[in-house]
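K.L.:
Got a structure for you, questions after.
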Amino acid sequence: MSSHESSGAESRPSVLSLPVALVFSSLIIAGAILITKNGSSAGAAAAVPGGAAAAAISIRPPSADDHIVGSLSAPVILVEYSDFECPFCSLIYPNLKKIVADSNGKIAWIYRNFPLDSIHPEARPAAEAAECIAAELGNDAYWKFADAIFADQQHMGSALYAKIASQLGADPQAFSECVSSKKYDDRINADNAEAMKNGGQGTPFTIVVGKKGAPTSFSGALPLPQIQAIVQSVMNNQ
């Protein structure tokens with residue numbers, strides 16, 4: 001199994017090699033430090049393998065170039081690094097959507113790419129398709145594409161992407177040429193590298209960014225109450 005796969009998303013082998021065991025032990029220690037610093041159960045949830053110590057997180061600032069639900073001026077922004085083929089990304093998707101919808105404008109959500117190429121062969125093609133749709137039709141169309149993919153992951157493939165693009169109003173030839181050119185490979189790779197640099201080892205990997213204080217992160221499709229607790233902890237510092 002890829003080292004990118006989140007412990008909160010996929011089961012791990014029952015026997016760990018020594019190097020992996022050492023890494024896992026380091027993550028537990030990091031988690032203990034984070035719990036002490038945050039002083040809350042949200043800290044424990046944020047410290048699952050694949051998370052990053054708050055002080056170590058460094059990402060490009062959210063901007064109009066991102067795919068966003070909500071406003072860039074929101075006090076808290078969830079930056080999710082996700083994989084369109086990941087089953088656990090489809091599980092967290094409605095929870096993040098609900099958190100933003102219920103926040104009265106206080107929380108926004110950004111989607112960045114984290115395709116696990118070695119185990120999800122359709123993740124990158126879907127990401128390319130989504131970027132092409134966004135370039136032609138805008139932010140809302142990007143999220144409608146995401147809605148459609150997460151609702152129908154079992155049929156992922158070029159035919160589905162073209163069908164969705166057509167339904168959204170994209171020009172078929174322009175869409176096909178855009179996808180074939182892999183025009184957005186650099187953007188996808190940059191998102192991927194950013195996730196890994198900040199401790200992402202699996203999908204979904206989410207960084208919670210406030211206007212004040214250090215950001216924090218969590219891995220996997222945590223239950224809604226746990227995500228809400230993590231977000232509330234950051235919100236309380238704003």
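The chains in the structure tokens are called A, B, ... from first to last as shown; in each chain the residues are counted from 1, and the ligands are counted from 1 in the order shown.
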Can I get the residues of stretch 129-211 of chain A within 8 Å of stretch 216-224 of chain A, each with the closest pair of atoms and their distance in Å to one decimal, using only C-alpha atoms, sorted chain first then ascending number, as a Markdown table?
P.N.:
| residue | atom | partner | partner_atom | distance |
| --- | --- | --- | --- | --- |
| A:Gly200 | CA | A:Ser219 | CA | 7.3 |
| A:Gly202 | CA | A:Ser219 | CA | 7.0 |
| A:Thr203 | CA | A:Gly220 | CA | 6.1 |
| A:Pro204 | CA | A:Gly220 | CA | 5.2 |
| A:Phe205 | CA | A:Ser219 | CA | 4.5 |
| A:Thr206 | CA | A:Phe218 | CA | 5.5 |
| A:Ile207 | CA | A:Ser217 | CA | 4.2 |
| A:Val208 | CA | A:Thr216 | CA | 5.4 |
| A:Val209 | CA | A:Thr216 | CA | 6.9 |
K.L.:
Would you pick out the contacts of A:Phe114 at 6 Å or less, using only C-alpha atoms, so that residues sharing its chain but fewer than 5 positions from it are not included, and give the list as an MDAnalysis selection string?
P.N.:
chainID A and resid 81:83 192
K.L.:
Go ahead and save the residues from that selection, with C-alpha atoms, as an mmCIF file, in the first residue's frame.
P.N.:
data_model
loop_
_atom_site.group_PDB
_atom_site.id
_atom_site.type_symbol
_atom_site.label_atom_id
_atom_site.label_comp_id
_atom_site.auth_asym_id
_atom_site.auth_seq_id
_atom_site.Cartn_x
_atom_site.Cartn_y
_atom_site.Cartn_z
ATOM 1 C CA TYR A 81 -5.941 18.057 -0.001
ATOM 2 C CA SER A 82 -8.072 15.446 -1.681
ATOM 3 C CA ASP A 83 -8.250 12.666 -4.264
ATOM 4 C CA ASN A 192 0.555 17.335 -4.004
#
K.L.:
Which residues come within 12 Å of A:Pro121, counting only C-alpha atoms, excluding same-chain residues fewer than 4 positions away, as a list of chain:residue names?
P.N.:
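Within the cut-off, the hits are A:Asp83, A:Phe84, A:Glu85, A:Cys86, A:Pro115, A:Leu116, A:Asp117, A:Pro125, A:Ala126, A:Ala127, A:Met156, A:Gly157, A:Ser158.
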K.L.:
Please compute the atom CA of A:Ile59-atom CA of A:Leu137 distance, one decimal, in Å.
P.N.:
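Value for the atom CA of A:Ile59-atom CA of A:Leu137 distance: 26.4 Å.
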K.L.:
Kindly indicate which residue among A:Phe150, A:Tyr161, A:Tyr93, A:Trp109 lies nearest to A:Cys132, using only C-alpha atoms for the distances.
P.N.:
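Of A:Phe150, A:Tyr161, A:Tyr93, A:Trp109, the one nearest A:Cys132, counting only C-alpha atoms, is A:Tyr161.
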K.L.:
Report as an mmCIF file with N, CA and C atoms, in the first residue's frame all protein, DNA and RNA residues lying within 10 Å of A:Glu194, evaluated on only C-alpha atoms, omitting residues in the same chain fewer than 3 positions from it.
P.N.:
data_model
loop_
_atom_site.group_PDB
_atom_site.id
_atom_site.type_symbol
_atom_site.label_atom_id
_atom_site.label_comp_id
_atom_site.auth_asym_id
_atom_site.auth_seq_id
_atom_site.Cartn_x
_atom_site.Cartn_y
_atom_site.Cartn_z
ATOM 1 N N ILE A 57 3.545 23.869 9.828
ATOM 2 C CA ILE A 57 2.688 24.016 8.654
ATOM 3 C C ILE A 57 2.994 25.312 7.922
ATOM 4 N N SER A 58 3.223 25.194 6.629
ATOM 5 C CA SER A 58 3.472 26.362 5.791
ATOM 6 C C SER A 58 2.878 26.100 4.411
ATOM 7 N N ILE A 59 1.808 26.816 4.082
ATOM 8 C CA ILE A 59 1.155 26.632 2.784
ATOM 9 C C ILE A 59 1.010 27.981 2.094
ATOM 10 N N ARG A 60 0.799 27.963 0.770
ATOM 11 C CA ARG A 60 0.558 29.221 0.084
ATOM 12 C C ARG A 60 -0.784 29.777 0.560
ATOM 13 N N TYR A 81 -6.722 18.690 1.068
ATOM 14 C CA TYR A 81 -5.941 18.057 -0.001
ATOM 15 C C TYR A 81 -6.596 16.704 -0.254
ATOM 16 N N ARG A 112 -7.713 21.378 -2.716
ATOM 17 C CA ARG A 112 -6.452 21.258 -3.447
ATOM 18 C C ARG A 112 -6.204 19.784 -3.758
ATOM 19 N N ASN A 113 -5.408 19.550 -4.778
ATOM 20 C CA ASN A 113 -5.242 18.203 -5.318
ATOM 21 C C ASN A 113 -4.180 17.392 -4.579
ATOM 22 N N PHE A 114 -4.531 16.136 -4.295
ATOM 23 C CA PHE A 114 -3.578 15.211 -3.668
ATOM 24 C C PHE A 114 -3.826 13.812 -4.225
ATOM 25 N N ILE A 188 -1.343 20.522 -10.187
ATOM 26 C CA ILE A 188 -1.662 19.328 -9.401
ATOM 27 C C ILE A 188 -0.438 18.862 -8.622
ATOM 28 N N ASN A 189 0.715 18.862 -9.282
ATOM 29 C CA ASN A 189 1.947 18.454 -8.616
ATOM 30 C C ASN A 189 2.323 19.399 -7.483
ATOM 31 N N ALA A 190 2.078 20.689 -7.677
ATOM 32 C CA ALA A 190 2.384 21.666 -6.628
ATOM 33 C C ALA A 190 1.498 21.446 -5.404
ATOM 34 N N ASP A 191 0.210 21.194 -5.635
ATOM 35 C CA ASP A 191 -0.698 20.886 -4.523
ATOM 36 C C ASP A 191 -0.231 19.634 -3.785
ATOM 37 N N LYS A 197 4.703 18.050 2.083
ATOM 38 C CA LYS A 197 5.638 18.880 2.843
ATOM 39 C C LYS A 197 5.099 19.199 4.230
ATOM 40 N N ASN A 198 3.775 19.269 4.340
ATOM 41 C CA ASN A 198 3.145 19.631 5.609
ATOM 42 C C ASN A 198 2.635 18.436 6.400
ATOM 43 N N GLY A 199 3.086 17.231 6.038
ATOM 44 C CA GLY A 199 2.747 16.043 6.827
ATOM 45 C C GLY A 199 1.675 15.171 6.238
ATOM 46 N N GLY A 200 1.154 15.505 5.079
ATOM 47 C CA GLY A 200 0.120 14.678 4.475
ATOM 48 C C GLY A 200 0.680 13.356 3.987
#
K.L.:
Among the residues of stretch 25-229 of chain A, find those DSSP assigns to helix (DSSP H, G or I) from the backbone and print them as an NGL selection string.
P.N.:
:A and (25-38 or 41-46 or 54-56 or 87-101 or 123-137 or 139-150 or 153-155 or 158-168 or 172-181 or 185-197 or 224-229)
K.L.:
Tell me, in Å to one decimal, how far atom CA of A:Ala162 is from atom CA of A:Ser176.
P.N.:
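These two atoms are separated by 7.6 Å.
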K.L.:
Please report, as a list in words, each residue of stretch 40-147 of chain A to which DSSP assigns strand (DSSP E) when run on this structure's backbone.
P.N.:
His67, Ile68, Val69, Val76, Ile77, Leu78, Val79, Glu80, Tyr81, Ser82, Ile107, Ala108, Trp109, Ile110, Tyr111, Arg112 and Asn113 of chain A
K.L.:
Next, write the just-selected residues to a file, as a CSV table (one decimal), in the first residue's frame, keeping C-alpha atoms as the atom set.
P.N.:
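Okay, selection_6.csv is ready:
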chain,number,residue,atom,x,y,z
A,67,HIS,CA,-11.3,26.3,-5.7
A,68,ILE,CA,-13.4,27.7,-2.8
A,69,VAL,CA,-16.8,27.4,-1.1
A,76,VAL,CA,-11.4,30.1,9.3
A,77,ILE,CA,-10.6,28.3,6.1
A,78,LEU,CA,-10.4,24.5,5.6
A,79,VAL,CA,-7.7,23.7,3.0
A,80,GLU,CA,-8.5,20.1,2.0
A,81,TYR,CA,-5.9,18.1,0.0
A,82,SER,CA,-8.1,15.4,-1.7
A,107,ILE,CA,-15.8,29.1,7.6
A,108,ALA,CA,-14.7,28.6,4.0
A,109,TRP,CA,-13.4,25.5,2.3
A,110,ILE,CA,-10.7,25.1,-0.3
A,111,TYR,CA,-10.0,22.0,-2.4
A,112,ARG,CA,-6.5,21.3,-3.4
A,113,ASN,CA,-5.2,18.2,-5.3
K.L.:
Could you check how far atom CA of A:Asp186 sits from atom CA of A:Ala146, in Å to one decimal?
P.N.:
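So the two atoms, atom CA of A:Asp186 and atom CA of A:Ala146, lie 20.0 Å apart.
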